[in-house]
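J.: Can you keep this structure in mind? I'll have questions shortly.
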Amino acid sequence: MPDPFPSPSPPIIDVQRVTRQFGSKTALNDVSLTVPRGGVFGLIGGNGAGKTTLIKHILGLLKAQHGSVRVFGLDPVQNPVGTLGRIGYLSEDRDLPDWMRVGQLMSYTQAFFPNWDEKFAEELRDAFDLDARAFVKNLSRGQRARAGLLVALAHRPELLVLDEPSSGLDPVVRRDILGAIIRTIADEGRTVLFSSHLLDEVERVADRIAIIHEGRVLLTSSMDEIKDQHRRLTLRFEQSISEPPALVGTLSRAGQGAEWTYVCSGESRQLRSAAEALGATVVDDAALTLDEIFVSRIQN
Amino acid sequence: MLIHISTTDGVPIYLQIVNQIKYLVAAGRLAAGEELPPILVLADQLLINPNTVARAYRELEAGGIVEKRRTAGTYVSDQGSPLARRERLKILTDRIDALVAEALQMKITLSDVLKLVEQRHAALQPKPPLE
């Protein structure tokens with residue numbers, strides 16, 4: 001099956017070996033990341049892993065201390081108009097002017113973006129059930145996220161960047177967000193980058209993912225590949241053992257007596273032969289959820 | 001079309017769609033010639049990436065379960081085709097494997113299993129209307 005990526009056009013985001021320190025803390029350590037045009041890219045990692053710092057570099061809100069960042073082939077720090085003008089951004093803290101009414105927020109944002117589609121913005125406002133006269137500061141958490149999402153979407157940006165869009169939100173708002181992501185990439189050539197620790201959502205919509213941990217990129221992969229490459233094998237040995245033998249590619253082992261479960265990375269067939277060579281029977285061979293893959297990789 | 005996606009059992013989403021559509025077709029709930037939802041519509045309904053739906057449709061097409069038509073759209077293929085019948089037999093074979101494995105584990109003999117199959121088959125026959 002042909003891989004939809006790499007796409008023939010140049011990457012939308014190209015981060016090369018970016019390092020960033022805040023005082024003595026290294027927030028990003030030699031981080032490289034390439035986001036191809038089109039599709040959804042999921043950035044996953046725990047709190048404090050570096051996702052927001054990386055996103056701020058991509059938006060030109062932080063300047064790389066080492067390394068380079070290119071968005072649409074341009075340096076976002078040197079060229080904010082050429083980059084930010086084509087990006088729709090929803091920050092983690094939903095940074096919006098509290099004193100404005102929703103309608104004013106829309107007009108205010110419209111002034112920055114020549115591609116703003118007024119009719120579409122109104123449709124979104126209606127679909128999100130936002131009162132144009134309501135003050136931003138009085139919006140509930142969910143409504144605030146919807147308002148932020150509206151102004152990020154209404155100019156149909158080439159690149160939609162969402163930082164933890166679903167965190168703290170109820171399932172109804174989360175559906176709105178996932179729906180917005182899907183409809184964005186339904187348009188040819190548009191790209192979504194989102195960071196999240198809600199891995200079941202990432203699993204639903206991402207084409208490619210990168211795992212960030214303690215400021216480093218642990219791995220980058222297509223969703224298909226990472227799911228194919230990680231399996232949970234349950235092995236039954238001929239007798240009880242206290243210390244299960246290592247299998248090549250094992251990320252973790254658990255169990256007792258004669259049955260042990262291995263979380264492995266590597267093709268299923270290789271793992272099975274390795275297990276059989278140890279004299280064990282494979283009694284279960286299951287796929288792992290993205291959540292389980294993430295946890296086992298982090299713990300290594 | 002009633003399809004449910006789960007992200008809790010690890011099975012790749014495209015494969016869940018493929019399996020469920022195969023089942024719906026084999027069970028007669030999706031008729032030959034019936035159109036499948038457009039990729040974007042199903043993606044929106046299930047809240048998944050359209051590429052995942054596209055991949056599922058491609059696999060179903062490769063397996064002869066569905067076909068693309070020139071007027072755009074994806075349709076369930078004619079069920080008389082040998083490829084489709086093979087698919088149906090494969091689904092049953094998978095179920096039989098699971099049944100046989102469980103019977104072995106529970107130490108139930110093959111002849112008991114076969115007798116049970118006949119009993120259940122008889123129980124599922126439509127009953128003649130009472131006079």
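The chains in the structure tokens are called A, B, ... from first to last as shown; in each chain the residues are counted from 1, and the ligands are counted from 1 in the order shown.
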Go through chain B and flag each residue having an atom no more than 10 Å from chain A; for those, report the closest pair of atoms plus their distance in Å to one decimal, using only C-alpha atoms, ordered by chain and rising number, as CSV.

T.:
```
residue,atom,partner,partner_atom,distance
B:Ile5,CA,A:Arg204,CA,9.1
B:Ser6,CA,A:Asp200,CA,9.0
B:Thr7,CA,A:Asp200,CA,5.9
B:Thr8,CA,A:Thr289,CA,6.3
B:Asp9,CA,A:Thr289,CA,6.5
B:Gly10,CA,A:Thr289,CA,4.2
B:Val11,CA,A:Ala287,CA,5.7
B:Pro12,CA,A:Lys227,CA,7.1
B:Ile13,CA,A:Arg204,CA,7.6
B:Tyr14,CA,A:Asp224,CA,9.6
B:Ile39,CA,A:Ala186,CA,9.9
B:Leu40,CA,A:Ala186,CA,7.3
B:Ala43,CA,A:Ile182,CA,7.5
B:Asp44,CA,A:Gly179,CA,6.3
B:Gln45,CA,A:Gly179,CA,8.8
B:Leu46,CA,A:Arg204,CA,8.8
B:Leu47,CA,A:Gly179,CA,6.2
B:Ile48,CA,A:Arg204,CA,4.7
B:Asn49,CA,A:Val205,CA,4.4
B:Pro50,CA,A:Ile182,CA,7.2
B:Asn51,CA,A:Asp207,CA,7.8
B:Thr52,CA,A:Val205,CA,8.4
B:Arg55,CA,A:Met1,CA,8.7
B:Arg58,CA,A:Met1,CA,9.1
B:Glu59,CA,A:Met1,CA,9.3
```

J.: Generate the output file for the selected residues, N, CA and C atoms, as a PDB file, in the first residue's frame.

T.:
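Saved file selection12.pdb follows:
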```pdb
ATOM      1  N   ILE B   5     -16.228   2.432  16.453  1.00  0.00           N
ATOM      2  CA  ILE B   5     -14.773   2.377  16.539  1.00  0.00           C
ATOM      3  C   ILE B   5     -14.376   2.360  17.997  1.00  0.00           C
ATOM      4  N   SER B   6     -13.433   1.496  18.319  1.00  0.00           N
ATOM      5  CA  SER B   6     -12.922   1.480  19.687  1.00  0.00           C
ATOM      6  C   SER B   6     -11.423   1.727  19.656  1.00  0.00           C
ATOM      7  N   THR B   7     -10.964   2.586  20.550  1.00  0.00           N
ATOM      8  CA  THR B   7      -9.518   2.779  20.628  1.00  0.00           C
ATOM      9  C   THR B   7      -8.953   2.056  21.842  1.00  0.00           C
ATOM     10  N   THR B   8      -9.767   1.181  22.444  1.00  0.00           N
ATOM     11  CA  THR B   8      -9.277   0.534  23.666  1.00  0.00           C
ATOM     12  C   THR B   8      -8.728  -0.862  23.462  1.00  0.00           C
ATOM     13  N   ASP B   9      -8.953  -1.483  22.298  1.00  0.00           N
ATOM     14  CA  ASP B   9      -8.415  -2.836  22.218  1.00  0.00           C
ATOM     15  C   ASP B   9      -7.191  -2.948  21.321  1.00  0.00           C
ATOM     16  N   GLY B  10      -6.711  -1.823  20.822  1.00  0.00           N
ATOM     17  CA  GLY B  10      -5.466  -1.862  20.069  1.00  0.00           C
ATOM     18  C   GLY B  10      -5.605  -2.220  18.609  1.00  0.00           C
ATOM     19  N   VAL B  11      -6.722  -2.799  18.206  1.00  0.00           N
ATOM     20  CA  VAL B  11      -6.881  -3.173  16.797  1.00  0.00           C
ATOM     21  C   VAL B  11      -6.889  -1.897  15.955  1.00  0.00           C
ATOM     22  N   PRO B  12      -6.049  -1.833  14.903  1.00  0.00           N
ATOM     23  CA  PRO B  12      -6.005  -0.631  14.083  1.00  0.00           C
ATOM     24  C   PRO B  12      -7.402  -0.254  13.594  1.00  0.00           C
ATOM     25  N   ILE B  13      -7.668   1.051  13.601  1.00  0.00           N
ATOM     26  CA  ILE B  13      -9.011   1.529  13.284  1.00  0.00           C
ATOM     27  C   ILE B  13      -9.460   1.092  11.893  1.00  0.00           C
ATOM     28  N   TYR B  14      -8.531   1.158  10.898  1.00  0.00           N
ATOM     29  CA  TYR B  14      -8.950   0.804   9.532  1.00  0.00           C
ATOM     30  C   TYR B  14      -9.423  -0.646   9.506  1.00  0.00           C
ATOM     31  N   ILE B  39     -16.196   8.859   1.925  1.00  0.00           N
ATOM     32  CA  ILE B  39     -15.110   8.801   2.901  1.00  0.00           C
ATOM     33  C   ILE B  39     -15.209   9.913   3.947  1.00  0.00           C
ATOM     34  N   LEU B  40     -15.436  11.146   3.496  1.00  0.00           N
ATOM     35  CA  LEU B  40     -15.484  12.273   4.437  1.00  0.00           C
ATOM     36  C   LEU B  40     -16.658  12.167   5.395  1.00  0.00           C
ATOM     37  N   ALA B  43     -15.765   9.570   7.971  1.00  0.00           N
ATOM     38  CA  ALA B  43     -14.697  10.109   8.832  1.00  0.00           C
ATOM     39  C   ALA B  43     -15.283  11.079   9.848  1.00  0.00           C
ATOM     40  N   ASP B  44     -16.182  11.923   9.381  1.00  0.00           N
ATOM     41  CA  ASP B  44     -16.816  12.912  10.246  1.00  0.00           C
ATOM     42  C   ASP B  44     -17.696  12.232  11.286  1.00  0.00           C
ATOM     43  N   GLN B  45     -18.427  11.209  10.842  1.00  0.00           N
ATOM     44  CA  GLN B  45     -19.342  10.497  11.737  1.00  0.00           C
ATOM     45  C   GLN B  45     -18.568   9.766  12.837  1.00  0.00           C
ATOM     46  N   LEU B  46     -17.457   9.142  12.470  1.00  0.00           N
ATOM     47  CA  LEU B  46     -16.694   8.353  13.436  1.00  0.00           C
ATOM     48  C   LEU B  46     -15.618   9.170  14.143  1.00  0.00           C
ATOM     49  N   LEU B  47     -15.418  10.407  13.680  1.00  0.00           N
ATOM     50  CA  LEU B  47     -14.365  11.273  14.213  1.00  0.00           C
ATOM     51  C   LEU B  47     -12.997  10.618  14.087  1.00  0.00           C
ATOM     52  N   ILE B  48     -12.675  10.250  12.851  1.00  0.00           N
ATOM     53  CA  ILE B  48     -11.366   9.687  12.557  1.00  0.00           C
ATOM     54  C   ILE B  48     -10.808  10.322  11.285  1.00  0.00           C
ATOM     55  N   ASN B  49      -9.524  10.119  11.080  1.00  0.00           N
ATOM     56  CA  ASN B  49      -8.851  10.670   9.922  1.00  0.00           C
ATOM     57  C   ASN B  49      -9.417  10.064   8.629  1.00  0.00           C
ATOM     58  N   PRO B  50      -9.745  10.906   7.643  1.00  0.00           N
ATOM     59  CA  PRO B  50     -10.276  10.371   6.381  1.00  0.00           C
ATOM     60  C   PRO B  50      -9.343   9.363   5.709  1.00  0.00           C
ATOM     61  N   ASN B  51      -8.015   9.513   5.901  1.00  0.00           N
ATOM     62  CA  ASN B  51      -7.079   8.553   5.311  1.00  0.00           C
ATOM     63  C   ASN B  51      -7.318   7.147   5.833  1.00  0.00           C
ATOM     64  N   THR B  52      -7.769   7.064   7.088  1.00  0.00           N
ATOM     65  CA  THR B  52      -8.043   5.764   7.680  1.00  0.00           C
ATOM     66  C   THR B  52      -9.245   5.111   6.989  1.00  0.00           C
ATOM     67  N   ARG B  55      -8.180   4.001   3.566  1.00  0.00           N
ATOM     68  CA  ARG B  55      -7.420   2.751   3.620  1.00  0.00           C
ATOM     69  C   ARG B  55      -8.357   1.552   3.770  1.00  0.00           C
ATOM     70  N   ARG B  58     -10.001   0.893   0.506  1.00  0.00           N
ATOM     71  CA  ARG B  58      -9.062   0.293  -0.445  1.00  0.00           C
ATOM     72  C   ARG B  58      -8.919  -1.208  -0.188  1.00  0.00           C
ATOM     73  N   GLU B  59      -8.805  -1.571   1.090  1.00  0.00           N
ATOM     74  CA  GLU B  59      -8.670  -2.991   1.424  1.00  0.00           C
ATOM     75  C   GLU B  59      -9.903  -3.772   1.027  1.00  0.00           C
TER      76      GLU B  59
END
```

J.: To test your reading of the structure, identify every residue in stretch 105-249 of chain A that backbone DSSP assigns to strand (DSSP E or B), and report it as a ChimeraX atom specification.

T.: /A:135,159-163,191-196,208-213,216-222,230-236

J.: Show which residues sit within 10 Å of A:Glu188, as a ChimeraX atom specification. Count only C-alpha atoms, and ignore same-chain residues fewer than 6 positions away.

T.: /A:37-39,158

J.: Got a sec: who's within 12 Å of B:Ile65, counting only C-alpha atoms, leaving out chain neighbours fewer than 6 positions off, as number ranges by chain?

T.: B: 18-26, 30-36, 56-59, 74-88

J.: Check chain B with DSSP on the backbone and list each residue it calls helix (DSSP H, G or I), as number ranges by chain.

T.: B: 13-26, 39-46, 50-62, 82-105, 110-124

J.: Please produce a file of those selected residues containing C-alpha atoms, as an mmCIF file, in the first residue's frame.

T.:
```cif
data_model
loop_
_atom_site.group_PDB
_atom_site.id
_atom_site.type_symbol
_atom_site.label_atom_id
_atom_site.label_comp_id
_atom_site.auth_asym_id
_atom_site.auth_seq_id
_atom_site.Cartn_x
_atom_site.Cartn_y
_atom_site.Cartn_z
ATOM 1 C CA ILE B 13 -9.011 1.529 13.284
ATOM 2 C CA TYR B 14 -8.950 0.804 9.532
ATOM 3 C CA LEU B 15 -9.107 -2.907 10.286
ATOM 4 C CA GLN B 16 -12.088 -2.455 12.601
ATOM 5 C CA ILE B 17 -13.925 -0.743 9.739
ATOM 6 C CA VAL B 18 -12.920 -3.444 7.251
ATOM 7 C CA ASN B 19 -14.085 -6.220 9.572
ATOM 8 C CA GLN B 20 -17.364 -4.553 10.422
ATOM 9 C CA ILE B 21 -18.234 -3.856 6.796
ATOM 10 C CA LYS B 22 -17.337 -7.425 5.835
ATOM 11 C CA TYR B 23 -19.626 -8.617 8.576
ATOM 12 C CA LEU B 24 -22.492 -6.317 7.537
ATOM 13 C CA VAL B 25 -22.179 -7.527 3.956
ATOM 14 C CA ALA B 26 -21.973 -11.194 4.957
ATOM 15 C CA ILE B 39 -15.110 8.801 2.901
ATOM 16 C CA LEU B 40 -15.484 12.273 4.437
ATOM 17 C CA VAL B 41 -18.965 11.547 5.740
ATOM 18 C CA LEU B 42 -17.855 8.391 7.513
ATOM 19 C CA ALA B 43 -14.697 10.109 8.832
ATOM 20 C CA ASP B 44 -16.816 12.912 10.246
ATOM 21 C CA GLN B 45 -19.342 10.497 11.737
ATOM 22 C CA LEU B 46 -16.694 8.353 13.436
ATOM 23 C CA PRO B 50 -10.276 10.371 6.381
ATOM 24 C CA ASN B 51 -7.079 8.553 5.311
ATOM 25 C CA THR B 52 -8.043 5.764 7.680
ATOM 26 C CA VAL B 53 -11.443 5.400 6.013
ATOM 27 C CA ALA B 54 -9.767 5.553 2.607
ATOM 28 C CA ARG B 55 -7.420 2.751 3.620
ATOM 29 C CA ALA B 56 -10.314 0.610 4.813
ATOM 30 C CA TYR B 57 -12.197 1.171 1.553
ATOM 31 C CA ARG B 58 -9.062 0.293 -0.445
ATOM 32 C CA GLU B 59 -8.670 -2.991 1.424
ATOM 33 C CA LEU B 60 -12.319 -3.849 0.901
ATOM 34 C CA GLU B 61 -11.901 -3.083 -2.778
ATOM 35 C CA ALA B 62 -8.804 -5.290 -3.004
ATOM 36 C CA PRO B 82 -16.367 -16.043 -6.046
ATOM 37 C CA LEU B 83 -14.087 -13.504 -4.355
ATOM 38 C CA ALA B 84 -16.925 -12.309 -2.151
ATOM 39 C CA ARG B 85 -17.942 -15.863 -1.285
ATOM 40 C CA ARG B 86 -14.332 -16.589 -0.298
ATOM 41 C CA GLU B 87 -14.485 -13.621 2.050
ATOM 42 C CA ARG B 88 -17.625 -14.918 3.669
ATOM 43 C CA LEU B 89 -16.090 -18.337 4.123
ATOM 44 C CA LYS B 90 -13.018 -16.737 5.639
ATOM 45 C CA ILE B 91 -15.106 -14.921 8.235
ATOM 46 C CA LEU B 92 -16.785 -18.194 9.161
ATOM 47 C CA THR B 93 -13.437 -19.983 9.283
ATOM 48 C CA ASP B 94 -12.140 -17.444 11.789
ATOM 49 C CA ARG B 95 -15.209 -17.997 13.957
ATOM 50 C CA ILE B 96 -14.861 -21.772 13.686
ATOM 51 C CA ASP B 97 -11.189 -21.548 14.715
ATOM 52 C CA ALA B 98 -12.207 -19.657 17.829
ATOM 53 C CA LEU B 99 -14.955 -22.181 18.574
ATOM 54 C CA VAL B 100 -12.680 -25.193 18.109
ATOM 55 C CA ALA B 101 -9.947 -23.642 20.266
ATOM 56 C CA GLU B 102 -12.384 -22.962 23.074
ATOM 57 C CA ALA B 103 -13.922 -26.424 22.854
ATOM 58 C CA LEU B 104 -10.440 -27.958 23.127
ATOM 59 C CA GLN B 105 -9.687 -25.857 26.179
ATOM 60 C CA LEU B 110 -15.698 -32.663 18.407
ATOM 61 C CA SER B 111 -18.801 -34.830 18.136
ATOM 62 C CA ASP B 112 -20.383 -32.894 21.040
ATOM 63 C CA VAL B 113 -19.550 -29.609 19.301
ATOM 64 C CA LEU B 114 -21.099 -30.814 16.037
ATOM 65 C CA LYS B 115 -24.221 -32.000 17.853
ATOM 66 C CA LEU B 116 -24.484 -28.576 19.497
ATOM 67 C CA VAL B 117 -24.129 -26.840 16.126
ATOM 68 C CA GLU B 118 -26.985 -28.900 14.722
ATOM 69 C CA GLN B 119 -29.159 -28.143 17.757
ATOM 70 C CA ARG B 120 -28.549 -24.406 17.478
ATOM 71 C CA HIS B 121 -29.142 -24.465 13.731
ATOM 72 C CA ALA B 122 -32.501 -26.155 14.285
ATOM 73 C CA ALA B 123 -33.430 -23.645 17.003
ATOM 74 C CA LEU B 124 -32.768 -20.726 14.634
#
```

J.: Please indicate the distance in Å from atom CA of A:Gln229 to atom CA of A:Glu267, rounded to one decimal place.

T.: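 Here the two named atoms are 5.6 Å from each other.
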
J.: When you look at A:Arg94 with a cut-off of 9 Å (counting only C-alpha atoms), what residues show up, excluding the ones that are within fewer than 3 positions of it in the same chain? I need them as a ChimeraX atom specification.

T.: /A:90-91,144-145,147-148,165

J.: Export N, CA and C atoms of the chosen residues as a CSV table (one decimal), in the first residue's frame?

T.:
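Okay, selection.csv is ready:
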```csv
chain,number,residue,atom,x,y,z
A,90,LEU,N,-4.4,27.8,18.4
A,90,LEU,CA,-5.2,27.7,19.6
A,90,LEU,C,-4.2,27.4,20.7
A,91,SER,N,-3.9,28.3,21.6
A,91,SER,CA,-2.9,28.1,22.7
A,91,SER,C,-3.5,27.3,23.8
A,144,ARG,N,-14.9,29.0,25.9
A,144,ARG,CA,-13.7,29.8,25.6
A,144,ARG,C,-12.8,29.0,24.6
A,145,ALA,N,-12.8,27.7,24.7
A,145,ALA,CA,-12.0,26.9,23.8
A,145,ALA,C,-12.7,27.0,22.4
A,147,ALA,N,-14.4,29.5,21.2
A,147,ALA,CA,-14.2,30.8,20.7
A,147,ALA,C,-12.8,30.9,20.1
A,148,GLY,N,-11.8,30.3,20.8
A,148,GLY,CA,-10.4,30.3,20.3
A,148,GLY,C,-10.3,29.5,19.1
A,165,PRO,N,-5.6,20.9,22.7
A,165,PRO,CA,-6.9,21.5,22.5
A,165,PRO,C,-8.0,20.9,23.3
```

J.: Just give me the gap between atom CA of A:Arg208 and atom CA of A:Thr34 in Å, one decimal is fine.

T.: 10.3 Å

J.: Atom CA of A:Gly103 and atom CA of A:Asp170 are how many Å apart?

T.: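 Distance between the two atoms: 24.0 Å.
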
J.: Please list as a list in words every residue within 10 Å of A:Lys56, counting only C-alpha atoms and excluding residues in the same chain fewer than 6 positions away.

T.: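 Listing them by chain and then by number gives Gly50, Leu62, Lys63, Ala64, Ser91 and Asp163 of chain A.
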
J.: Go ahead and write the selection's residues with C-alpha atoms as a compact mmCIF listing (two decimals), in the first residue's frame.

T.:
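Generated file (again.txt):
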```
# COMPACT_ATOMS: atom_id res chain seq x y z
CA GLY A 50 8.54 20.30 25.80
CA LEU A 62 10.54 31.90 20.88
CA LYS A 63 13.76 32.21 18.98
CA ALA A 64 15.94 29.11 18.68
CA SER A 91 -2.88 28.10 22.65
CA ASP A 163 -1.78 23.06 21.79
```

J.: From the list A:Ser195, A:Ser296, A:Ser265, A:Ser32, which residue is nearest A:Leu233 when using only C-alpha atoms?

T.: A:Ser265
